[in-house]
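Text of final_38.cif, listed as mmCIF, C-alpha atoms and all ligand atoms:
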data_upload
loop_
_atom_site.label_atom_id
_atom_site.label_comp_id
_atom_site.auth_asym_id
_atom_site.auth_seq_id
_atom_site.Cartn_x
_atom_site.Cartn_y
_atom_site.Cartn_z
CA MET A 1 91.27 65.95 108.81
CA ASP A 2 94.36 63.98 107.86
CA GLN A 3 96.93 66.77 107.93
CA PHE A 4 99.60 66.28 110.56
CA TYR A 5 102.08 68.91 111.66
CA PRO A 6 105.35 67.91 113.26
CA VAL A 7 105.67 68.78 116.93
CA ILE A 8 107.91 71.82 117.04
CA PRO A 9 109.91 73.09 119.98
CA ILE A 10 108.14 75.96 121.67
CA TYR A 11 110.55 78.83 121.16
CA GLN A 12 108.99 81.29 123.51
CA THR A 13 109.15 78.98 126.49
CA ALA A 14 112.73 78.01 125.72
CA GLN A 15 113.94 81.50 124.88
CA ASN A 16 111.29 83.53 126.67
CA LYS A 17 110.16 85.25 123.47
CA PRO A 18 106.72 86.60 122.69
CA ALA A 19 105.18 84.60 119.83
CA TYR A 20 102.90 86.16 117.22
CA ALA A 21 100.80 84.56 114.49
CA LEU A 22 100.53 86.57 111.27
CA ILE A 23 97.73 85.24 109.07
CA SER A 24 97.69 85.85 105.33
CA VAL A 25 95.42 83.20 103.79
CA HIS A 26 95.93 84.21 100.14
CA GLY A 27 99.27 86.06 100.25
CA ASP A 28 102.04 83.53 100.86
CA PRO A 29 104.98 85.49 102.34
CA SER A 30 107.54 82.93 101.14
CA ILE A 31 106.84 82.91 97.41
CA GLU A 32 108.56 85.09 94.85
CA LEU A 33 106.16 87.37 93.01
CA GLY A 34 104.99 86.29 89.58
CA ARG A 35 102.12 84.14 90.74
CA GLU A 36 98.56 85.27 90.09
CA GLY A 37 97.44 87.87 92.64
CA ALA A 38 100.77 88.05 94.51
CA GLY A 39 101.80 91.59 95.37
CA GLY A 40 102.32 94.05 98.16
CA GLN A 41 100.54 91.99 100.82
CA ASN A 42 102.94 89.04 100.47
CA LEU A 43 105.88 91.42 100.88
CA TYR A 44 104.29 93.37 103.75
CA VAL A 45 103.77 90.19 105.78
CA ARG A 46 107.23 88.82 104.99
CA SER A 47 109.11 92.00 105.78
CA LEU A 48 107.09 92.56 108.97
CA GLY A 49 107.69 88.96 110.09
CA LEU A 50 111.43 89.21 109.47
CA ALA A 51 111.70 92.59 111.18
CA LEU A 52 109.79 91.38 114.26
CA ALA A 53 112.05 88.32 114.44
CA ARG A 54 115.07 90.66 114.40
CA ARG A 55 113.44 92.37 117.39
CA GLY A 56 113.53 89.07 119.27
CA CYS A 57 109.99 87.83 118.63
CA GLN A 58 108.93 84.39 117.39
CA VAL A 59 106.79 84.93 114.29
CA ASP A 60 104.73 82.27 112.52
CA MET A 61 103.17 83.39 109.24
CA PHE A 62 100.19 81.23 108.25
CA THR A 63 99.04 80.90 104.68
CA ARG A 64 97.10 78.44 102.48
CA ARG A 65 98.95 75.73 100.56
CA GLU A 66 98.52 76.46 96.84
CA SER A 67 100.33 73.51 95.33
CA PRO A 68 101.01 69.93 96.49
CA ASP A 69 104.79 70.33 96.21
CA GLN A 70 104.98 73.33 98.58
CA GLU A 71 106.67 72.58 101.91
CA ALA A 72 104.41 72.74 104.99
CA ILE A 73 106.93 74.80 106.98
CA VAL A 74 109.60 77.15 105.64
CA GLU A 75 112.16 78.70 108.03
CA LEU A 76 112.88 82.15 106.60
CA ALA A 77 115.21 83.25 109.38
CA PRO A 78 115.76 82.35 113.02
CA GLY A 79 112.44 83.06 114.73
CA CYS A 80 110.47 83.55 111.52
CA ARG A 81 108.76 80.84 109.50
CA THR A 82 105.93 80.37 107.03
CA ILE A 83 103.42 77.63 107.85
CA ARG A 84 101.21 76.42 105.00
CA LEU A 85 97.89 74.92 106.00
CA ASP A 86 95.73 72.62 103.90
CA ALA A 87 92.38 74.28 103.30
CA GLY A 88 90.62 73.35 100.09
CA PRO A 89 92.35 72.03 96.97
CA ALA A 90 96.14 72.57 96.80
CA ARG A 91 95.98 74.87 93.78
CA PHE A 92 95.62 78.60 93.14
CA ILE A 93 92.08 79.77 93.94
CA PRO A 94 91.11 83.39 93.14
CA ARG A 95 90.35 85.53 96.18
CA THR A 96 86.72 85.88 95.12
CA GLU A 97 86.28 82.09 95.49
CA LEU A 98 88.25 81.48 98.70
CA PHE A 99 85.58 82.24 101.29
CA GLU A 100 84.08 78.71 101.30
CA TYR A 101 87.47 77.23 102.29
CA LEU A 102 87.99 79.48 105.30
CA PRO A 103 86.29 77.19 107.87
CA ALA A 104 88.79 74.49 106.82
CA PHE A 105 91.61 77.00 107.32
CA VAL A 106 90.41 77.79 110.86
CA GLU A 107 90.18 74.07 111.62
CA ALA A 108 93.70 73.44 110.27
CA TRP A 109 95.06 76.38 112.31
CA LEU A 110 93.51 75.09 115.53
CA LEU A 111 94.86 71.61 114.79
CA PHE A 112 98.35 73.00 114.23
CA VAL A 113 98.24 74.81 117.55
CA GLN A 114 96.98 71.72 119.33
CA GLN A 115 99.57 69.35 117.80
CA SER A 116 102.57 71.66 118.05
CA GLY A 117 101.80 73.00 121.52
CA GLN A 118 102.69 76.47 120.23
CA THR A 119 100.92 79.37 121.92
CA TYR A 120 100.57 82.92 120.61
CA GLU A 121 100.21 86.29 122.28
CA LEU A 122 98.02 87.54 119.45
CA ILE A 123 97.05 87.13 115.81
CA HIS A 124 97.63 89.77 113.16
CA THR A 125 95.38 89.21 110.15
CA ASN A 126 95.80 90.60 106.65
CA TYR A 127 92.96 91.31 104.15
CA TRP A 128 89.30 90.55 104.86
CA LEU A 129 89.55 86.80 104.22
CA SER A 130 92.17 86.40 106.96
CA GLY A 131 90.19 88.87 109.06
CA TRP A 132 87.25 86.45 109.04
CA VAL A 133 89.59 83.59 110.03
CA GLY A 134 90.99 85.73 112.83
CA LEU A 135 87.54 86.58 114.20
CA GLN A 136 86.70 82.85 114.49
CA ILE A 137 90.00 82.20 116.32
CA LYS A 138 89.53 85.26 118.50
CA PHE A 139 86.09 84.10 119.57
CA SER A 140 87.07 80.48 120.14
CA LEU A 141 90.42 81.04 121.95
CA GLY A 142 90.01 84.61 123.20
CA LEU A 143 93.19 85.76 121.46
CA PRO A 144 93.63 89.48 120.76
CA GLN A 145 93.48 90.38 117.07
CA VAL A 146 95.19 93.14 115.08
CA HIS A 147 94.07 93.61 111.47
CA THR A 148 95.47 95.29 108.35
CA PHE A 149 92.95 95.75 105.51
CA HIS A 150 95.33 96.09 102.49
CA SER A 151 92.26 96.86 100.38
CA ILE A 152 88.77 98.09 101.24
CA GLY A 153 85.80 96.49 99.48
CA ALA A 154 83.65 99.64 99.59
CA VAL A 155 86.36 101.56 97.70
CA LYS A 156 87.39 98.80 95.35
CA TYR A 157 83.79 98.13 94.29
CA GLY A 158 83.43 101.79 93.39
CA THR A 159 86.19 101.37 90.76
CA ILE A 160 84.91 98.26 88.97
CA GLY A 161 81.85 97.65 86.80
CA THR A 162 80.54 94.20 87.74
CA LEU A 163 80.56 93.27 91.40
CA PRO A 164 81.67 89.74 92.30
CA PHE A 165 79.18 87.36 93.92
CA ILE A 166 81.07 87.63 97.23
CA ALA A 167 80.80 91.46 97.44
CA GLN A 168 78.13 91.73 100.17
CA THR A 169 79.84 89.09 102.35
CA ARG A 170 83.11 91.00 102.07
CA LEU A 171 81.48 94.29 103.05
CA ASN A 172 79.87 92.65 106.10
CA VAL A 173 83.11 90.97 107.21
CA GLU A 174 85.06 94.21 106.79
CA GLN A 175 82.59 96.01 109.04
CA GLN A 176 82.85 93.22 111.65
CA CYS A 177 86.65 93.38 111.50
CA LEU A 178 86.78 97.11 112.06
CA GLU A 179 84.25 97.01 114.89
CA GLN A 180 85.40 93.85 116.68
CA VAL A 181 89.18 93.40 116.42
CA ASP A 182 91.40 94.93 119.10
CA CYS A 183 93.19 97.29 116.72
CA VAL A 184 93.11 98.03 113.00
CA ILE A 185 96.33 99.23 111.41
CA ALA A 186 95.62 101.71 108.61
CA THR A 187 98.66 102.22 106.38
CA SER A 188 97.92 105.90 105.74
CA PRO A 189 95.75 108.65 107.27
CA GLN A 190 93.74 108.52 104.03
CA GLU A 191 92.96 104.84 104.63
CA ALA A 192 91.88 105.62 108.21
CA ILE A 193 89.48 108.31 106.95
CA THR A 194 88.09 105.97 104.30
CA LEU A 195 87.53 103.25 106.90
CA ARG A 196 85.57 105.69 109.04
CA GLN A 197 83.52 107.06 106.14
CA ALA A 198 82.90 103.86 104.18
CA VAL A 199 83.05 101.02 106.73
CA SER A 200 82.19 102.01 110.31
CA ARG A 201 82.54 104.74 112.90
CA LYS A 202 83.25 102.14 115.59
CA GLY A 203 86.52 100.36 116.38
CA GLN A 204 90.14 101.28 117.12
CA ILE A 205 92.35 102.50 114.26
CA ARG A 206 96.06 103.32 114.42
CA VAL A 207 97.96 104.69 111.42
CA ILE A 208 101.26 102.95 110.74
CA PRO A 209 102.59 103.05 107.17
CA CYS A 210 104.16 100.20 105.22
CA GLY A 211 107.92 99.98 105.48
CA ILE A 212 110.71 98.91 103.14
CA ASN A 213 114.37 98.03 103.30
CA ILE A 214 115.65 101.42 102.16
CA GLN A 215 119.30 100.37 101.72
CA HIS A 216 118.22 97.64 99.31
CA PHE A 217 116.49 100.08 96.95
CA ALA A 218 119.23 102.71 97.28
CA SER A 219 122.02 100.23 96.60
CA VAL A 220 122.77 100.95 92.90
CA SER A 221 123.84 104.13 91.08
CA LYS A 222 122.03 105.21 87.94
CA THR A 223 125.15 104.70 85.83
CA ALA A 224 125.79 101.19 87.15
CA ALA A 225 122.11 100.29 86.77
CA ARG A 226 122.03 101.38 83.14
CA GLN A 227 125.18 99.43 82.38
CA LEU A 228 123.67 96.36 83.98
CA LEU A 229 120.38 96.67 82.09
CA GLN A 230 122.13 97.81 78.88
CA ILE A 231 120.18 101.05 78.67
CA LYS A 232 122.01 103.93 76.99
CA PRO A 233 122.75 107.04 79.11
CA GLU A 234 120.74 109.28 76.76
CA THR A 235 117.57 107.10 76.77
CA ARG A 236 114.59 108.63 78.57
CA MET A 237 113.29 105.75 80.63
CA ILE A 238 109.74 105.66 82.05
CA LEU A 239 109.06 102.90 84.57
CA TYR A 240 105.96 101.12 85.87
CA VAL A 241 106.32 98.38 88.51
CA GLY A 242 103.49 96.20 89.79
CA ARG A 243 100.70 93.79 89.11
CA PHE A 244 98.56 93.95 85.96
CA ASP A 245 95.14 94.82 87.32
CA GLY A 246 92.58 97.23 85.86
CA ARG A 247 92.71 99.42 88.95
CA LYS A 248 96.48 99.96 88.56
CA GLY A 249 95.76 102.36 85.65
CA ILE A 250 98.46 101.04 83.28
CA GLU A 251 96.11 101.92 80.43
CA THR A 252 96.31 105.61 81.41
CA LEU A 253 100.11 105.46 81.50
CA VAL A 254 100.28 103.91 78.04
CA ALA A 255 97.83 106.50 76.69
CA ALA A 256 99.97 109.27 78.24
CA CYS A 257 103.08 107.84 76.59
CA GLY A 258 101.21 107.95 73.28
CA LYS A 259 100.97 111.75 73.68
CA LEU A 260 104.66 112.40 74.38
CA LEU A 261 106.61 114.32 71.78
CA GLN A 262 110.09 113.35 73.02
CA PRO A 263 111.61 109.91 72.33
CA PHE A 264 111.43 107.52 75.32
CA GLN A 265 111.47 103.87 76.40
CA LEU A 266 108.64 102.52 78.57
CA TYR A 267 109.40 99.61 80.93
CA LEU A 268 106.43 97.71 82.34
CA VAL A 269 107.85 95.53 85.13
CA GLY A 270 105.75 92.85 86.82
CA GLY A 271 102.68 90.76 86.12
CA SER A 272 101.92 87.14 86.65
CA ARG A 273 103.19 84.18 84.63
CA SER A 274 99.95 82.22 85.08
CA HIS A 275 96.72 82.40 83.05
CA GLY A 276 94.31 84.32 85.29
CA SER A 277 93.05 87.90 85.33
CA ASP A 278 96.58 89.37 85.46
CA ALA A 279 97.42 87.67 82.15
CA GLN A 280 94.18 88.97 80.64
CA GLU A 281 95.05 92.50 81.69
CA GLN A 282 98.54 92.07 80.15
CA GLN A 283 96.90 91.06 76.86
CA ARG A 284 94.61 94.09 77.00
CA ILE A 285 97.55 96.43 77.67
CA ARG A 286 99.62 94.84 74.89
CA ALA A 287 96.73 95.50 72.48
CA ILE A 288 96.59 99.18 73.52
CA VAL A 289 100.38 99.47 73.15
CA LYS A 290 100.06 98.04 69.64
CA ASP A 291 97.14 100.30 68.68
CA LEU A 292 99.14 103.36 69.75
CA GLY A 293 102.19 102.23 67.78
CA LEU A 294 104.32 101.98 70.92
CA GLU A 295 105.50 98.37 70.55
CA ALA A 296 109.06 99.33 69.59
CA VAL A 297 109.51 101.53 72.67
CA THR A 298 107.74 99.33 75.24
CA THR A 299 109.37 96.48 77.16
CA PHE A 300 107.27 93.99 79.14
CA THR A 301 109.86 92.48 81.45
CA GLY A 302 107.51 90.07 83.25
CA PRO A 303 107.84 89.64 87.03
CA ILE A 304 111.26 90.47 88.51
CA PRO A 305 112.13 89.14 91.97
CA GLN A 306 112.32 92.02 94.41
CA LYS A 307 116.01 91.37 95.05
CA HIS A 308 116.65 92.27 91.37
CA LEU A 309 114.42 95.36 91.25
CA PRO A 310 116.86 98.07 92.47
CA PRO A 311 118.59 98.54 89.07
CA TYR A 312 115.21 99.14 87.39
CA TYR A 313 114.29 101.87 89.87
CA ALA A 314 117.79 103.39 89.74
CA ALA A 315 117.99 103.38 85.94
CA ALA A 316 114.60 105.08 85.44
CA ASP A 317 114.19 108.81 84.80
CA VAL A 318 110.71 108.63 86.27
CA CYS A 319 108.58 106.01 87.97
CA VAL A 320 104.83 106.34 87.38
CA VAL A 321 102.17 104.92 89.73
CA PRO A 322 98.98 105.54 87.74
CA SER A 323 96.54 103.67 90.05
CA TYR A 324 92.83 104.47 90.24
CA TYR A 325 92.80 103.26 93.86
CA GLU A 326 95.78 102.49 96.11
CA PRO A 327 95.52 101.84 99.86
CA PHE A 328 99.26 102.46 100.26
CA GLY A 329 101.43 101.81 97.18
CA LEU A 330 104.82 100.31 98.05
CA VAL A 331 106.18 100.98 94.57
CA ALA A 332 106.09 104.75 95.11
CA ILE A 333 108.29 104.59 98.23
CA GLU A 334 110.64 102.03 96.65
CA ALA A 335 111.26 104.42 93.75
CA MET A 336 111.70 107.33 96.17
CA ALA A 337 114.23 105.28 98.17
CA ALA A 338 116.20 104.91 94.92
CA LYS A 339 116.06 108.70 94.49
CA THR A 340 114.01 108.35 91.30
CA PRO A 341 111.38 111.00 90.53
CA VAL A 342 107.82 109.75 91.11
CA ILE A 343 104.56 110.77 89.48
CA ALA A 344 101.53 109.14 91.08
CA SER A 345 97.76 109.38 91.02
CA ASP A 346 96.24 111.70 93.57
CA VAL A 347 94.47 108.87 95.40
CA GLY A 348 94.54 106.99 98.71
CA GLY A 349 97.86 106.28 100.39
CA LEU A 350 99.81 107.89 97.54
CA GLN A 351 98.60 111.23 98.92
CA TYR A 352 100.46 110.37 102.12
CA SER A 353 103.75 109.03 100.75
CA ILE A 354 104.05 111.84 98.21
CA VAL A 355 103.83 115.49 99.17
CA HIS A 356 102.72 117.17 95.96
CA ASN A 357 105.44 119.33 94.38
CA GLU A 358 107.78 118.60 97.31
CA THR A 359 108.69 114.92 97.12
CA GLY A 360 107.07 114.07 93.78
CA VAL A 361 104.00 115.04 91.80
CA LEU A 362 100.39 113.89 92.16
CA VAL A 363 98.13 113.92 89.11
CA PRO A 364 94.39 113.25 88.74
CA PRO A 365 93.72 109.55 88.06
CA ARG A 366 92.47 108.43 84.60
CA ASN A 367 93.79 111.62 82.99
CA ALA A 368 96.32 110.78 80.27
CA ALA A 369 96.83 114.38 79.14
CA HIS A 370 97.72 115.56 82.64
CA LEU A 371 100.04 112.59 83.17
CA ALA A 372 101.75 113.19 79.82
CA ALA A 373 102.41 116.82 80.77
CA ALA A 374 103.95 115.74 84.10
CA ILE A 375 106.20 113.15 82.41
CA ALA A 376 107.31 115.70 79.79
CA ASP A 377 108.19 118.07 82.63
CA VAL A 378 110.63 115.48 84.04
CA PHE A 379 112.44 115.48 80.71
CA VAL A 380 112.61 119.25 80.29
CA ASN A 381 113.20 120.29 83.92
CA PRO A 382 115.75 117.79 85.29
CA GLU A 383 117.05 120.20 87.93
CA ARG A 384 113.59 120.65 89.48
CA TRP A 385 113.05 116.88 89.57
CA LYS A 386 116.45 116.25 91.11
CA ILE A 387 115.37 118.37 94.09
CA LEU A 388 112.01 116.56 94.33
CA ALA A 389 113.72 113.16 94.19
CA GLU A 390 116.20 114.08 96.92
CA ALA A 391 113.34 115.26 99.14
CA GLY A 392 111.51 112.02 98.30
CA GLN A 393 114.41 109.91 99.49
CA GLN A 394 114.57 111.92 102.72
CA ARG A 395 110.85 111.42 103.33
CA VAL A 396 111.23 107.65 102.92
CA GLN A 397 114.22 107.62 105.27
CA SER A 398 112.32 109.56 107.92
CA ARG A 399 109.03 107.59 107.81
CA PHE A 400 109.07 104.35 105.88
CA SER A 401 111.97 102.17 107.03
CA VAL A 402 110.82 98.65 107.79
CA SER A 403 112.62 98.52 111.13
CA ALA A 404 110.92 101.73 112.37
CA VAL A 405 107.54 100.51 111.13
CA ALA A 406 108.00 97.09 112.79
CA ALA A 407 108.91 98.84 116.06
CA GLN A 408 105.60 100.76 115.95
CA ILE A 409 103.61 97.62 115.17
CA HIS A 410 105.40 95.75 117.94
CA GLN A 411 104.39 98.53 120.32
CA ILE A 412 100.74 98.02 119.34
CA TYR A 413 101.08 94.27 119.92
CA GLN A 414 102.48 94.99 123.37
CA CYS A 415 99.57 97.31 124.20
CA VAL A 416 96.95 94.88 122.91
CA ALA A 417 98.60 91.78 124.42
CA PRO A 418 101.11 92.67 127.14
CA PHE A 419 103.69 89.86 127.11
CA SER A 420 104.10 88.11 130.42
CA SER A 421 107.26 86.02 130.70
CA ILE A 422 105.74 84.25 133.73
CA ARG A 423 102.69 83.20 131.68
CA SER A 424 104.82 82.07 128.75
CA ALA A 425 107.28 80.14 130.83
CA GLY A 426 104.49 78.37 132.65
N1 LIG A 501 107.13 93.72 92.81
C1 LIG A 501 108.17 92.82 92.65
N2 LIG A 501 108.44 92.37 91.40
C2 LIG A 501 107.73 92.75 90.31
C3 LIG A 501 106.67 93.68 90.48
C4 LIG A 501 106.40 94.15 91.75
O1 LIG A 501 108.85 92.44 93.61
O2 LIG A 501 108.02 92.29 89.21
C5 LIG A 501 106.81 94.22 94.17
C6 LIG A 501 107.15 95.68 94.37
O3 LIG A 501 108.52 95.82 94.69
C7 LIG A 501 106.21 96.07 95.52
C8 LIG A 501 105.03 95.12 95.37
O4 LIG A 501 105.42 94.15 94.40
O5 LIG A 501 106.86 95.86 96.76
C9 LIG A 501 103.76 95.80 94.92
O6 LIG A 501 103.21 96.45 96.03
P1 LIG A 501 102.20 97.68 95.88
O7 LIG A 501 101.83 98.11 97.26
O8 LIG A 501 102.76 98.75 95.01
O9 LIG A 501 100.94 97.07 95.12
P2 LIG A 501 99.93 95.85 95.47
O10 LIG A 501 100.47 94.64 94.77
O11 LIG A 501 99.91 95.70 96.97
O12 LIG A 501 98.64 96.30 94.92
#

Please rewrite the model in this file as structure tokens.
Amino acid sequence: MDQFYPVIPIYQTAQNKPAYALISVHGDPSIELGREGAGGQNLYVRSLGLALARRGCQVDMFTRRESPDQEAIVELAPGCRTIRLDAGPARFIPRTELFEYLPAFVEAWLLFVQQSGQTYELIHTNYWLSGWVGLQIKFSLGLPQVHTFHSIGAVKYGTIGTLPFIAQTRLNVEQQCLEQVDCVIATSPQEAITLRQAVSRKGQIRVIPCGINIQHFASVSKTAARQLLQIKPETRMILYVGRFDGRKGIETLVAACGKLLQPFQLYLVGGSRSHGSDAQEQQRIRAIVKDLGLEAVTTFTGPIPQKHLPPYYAAADVCVVPSYYEPFGLVAIEAMAAKTPVIASDVGGLQYSIVHNETGVLVPPRNAAHLAAAIADVFVNPERWKILAEAGQQRVQSRFSVSAVAAQIHQIYQCVAPFSSIRSAG
């Protein structure tokens, strides 16, 4: 082991702060999206880390170094930093192939703790790979562990044809996580039910949704957004935002657009710039767009940094989340924050963020005809959709602000690992 971490001042002893380790092996919270596999998890960890730091905590977010030129430590804000550990080759490795490098990640984490002298009240792990890392740390140091699944193998494997080699290991680790960590955070009541039905009846679960910076997404008016993006006021704009992944259901959205009688423009925002499975899915979707004769009305923008997303949400007449499976679905609440009408699949966490016919509309997944009818309704009934969108924004304000969500998660940390200033100062 030749990695060396600089000795870092121990913030919590100096400033009497509780220190928490967030672990996200494959979802680096400091990178901009656009890399293969980067999505909601990266943003969840980053926004939680920043919000906890604003609450006076010291937060270290551990991830795996994916390229030799990445810095080992990035200070995102006072009290919040990303720490990249060397575990396996410094290049992108798909999630399905990461398991063999996890022992090296655990070793690098323990070395960091030893060399820096940093101590933590607890670890909060994200996704099953980090969950496995957390269980090893929990058992060797006795640290409490909180876990967020982000995706559940038993559900995901029901939506894909060929199971990856790692499938059984993942299912076993997910069961261990649920049964053995101190608290699992489910991001919706639907996820909690699924965990009970598909993973285990044992273990503690608390439901705390994902949160967003609402002001950020509500910061632009529709008129200003359209001027900025050079979209004419009369254009009917349909928006998709997210990764290109078979389970996101972009194919169903494109097929629905092929059935529309009114003129429209379809914006597909997101996707990776590298050559992995996301790029393959983009190629597949481009071929479907071409077959349906929709090339002239479809724009593939590529990935847009989240700081530049608000005009896209604000400019759209409707944002569609056509997923076949979605544990939470940040895009839906981001669009709602921008007061844009949302149509989403009637699955998973989308059933929690959207109250059907009150704050948006839920449609059956994989059903292009149904989706097309819902989109057409947005165009012909704008007054109805204005009311839904206003109610949507109110729902986001009342439940999904990142500061309120971080406060609830902080409360769980305090229950699981009561912070003792005497212990930390000692
Ligand atoms: N996103 C982004 N730029 C893009 C496309 C997506 O910043 O070009 C963000 C989007 O704002 C959202 C996240 O990626 O916060 C996707 O999260 P979601 O929960 O919808 O899906 P996941 O990637 O977790 O499956």

Quick one: contact table of chain A to ligand LIG 501 (chain A), 6 Å max, nearest atom pair and distance in Å to one decimal per residue, counting all atoms listed in the file, chain and number order, as a tab-separated table?
residue	atom	partner	partner_atom	distance
A:Leu33	CA	A:LIG501	N2	5.7
A:Gly39	CA	A:LIG501	O10	3.4
A:Gly40	CA	A:LIG501	O11	3.2
A:Gln41	CA	A:LIG501	O11	5.4
A:Val241	CA	A:LIG501	C3	5.1
A:Gly242	CA	A:LIG501	C4	4.1
A:Arg243	CA	A:LIG501	O10	5.7
A:Val269	CA	A:LIG501	O2	5.2
A:Gly270	CA	A:LIG501	O2	3.3
A:Pro303	CA	A:LIG501	O2	3.4
A:Ile304	CA	A:LIG501	O2	3.8
A:Pro305	CA	A:LIG501	O1	4.9
A:Gln306	CA	A:LIG501	O1	3.6
A:Phe328	CA	A:LIG501	O7	5.9
A:Gly329	CA	A:LIG501	O7	3.7
A:Leu330	CA	A:LIG501	O7	3.8
A:Val331	CA	A:LIG501	O8	4.1

File of the preceding selection, C-alpha atoms, as a tab-separated table (two decimals), in the coordinates of the input:
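See again-v1.tsv below for the written result:
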chain	number	residue	atom	x	y	z
A	33	LEU	CA	106.16	87.37	93.01
A	39	GLY	CA	101.80	91.59	95.37
A	40	GLY	CA	102.32	94.05	98.16
A	41	GLN	CA	100.54	91.99	100.82
A	241	VAL	CA	106.32	98.38	88.51
A	242	GLY	CA	103.49	96.20	89.79
A	243	ARG	CA	100.70	93.79	89.11
A	269	VAL	CA	107.85	95.53	85.13
A	270	GLY	CA	105.75	92.85	86.82
A	303	PRO	CA	107.84	89.64	87.03
A	304	ILE	CA	111.26	90.47	88.51
A	305	PRO	CA	112.13	89.14	91.97
A	306	GLN	CA	112.32	92.02	94.41
A	328	PHE	CA	99.26	102.46	100.26
A	329	GLY	CA	101.43	101.81	97.18
A	330	LEU	CA	104.82	100.31	98.05
A	331	VAL	CA	106.18	100.98	94.57

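For the pair atom CA of A:Cys319 and atom CA of A:Ile343, the separation is 6.4 Å.
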
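Proximity to A:His124 at 10 Å, evaluated using all atoms listed in the file and with sequence-adjacent residues fewer than 6 positions away removed, yields A:Tyr20, A:Ala21, A:Leu22, A:Ile23, A:Ser24, A:Val45, A:Met61, A:Ser130, A:Gly131, A:Gly134, A:Pro144, A:Gln145, A:Val146, A:His147, A:Thr148, A:Val181, A:Cys183, A:Val184, A:Ile185, A:Tyr413.
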
(request) Using atom CA of A:Arg284 and atom CA of A:Leu171 as the two end points, give the distance in Å to one decimal. (result) 29.2 Å

(message) Please report the interatomic distance between atom CA of A:Glu281 and atom CA of A:Met237 in Å with one decimal.
(response) 22.6 Å
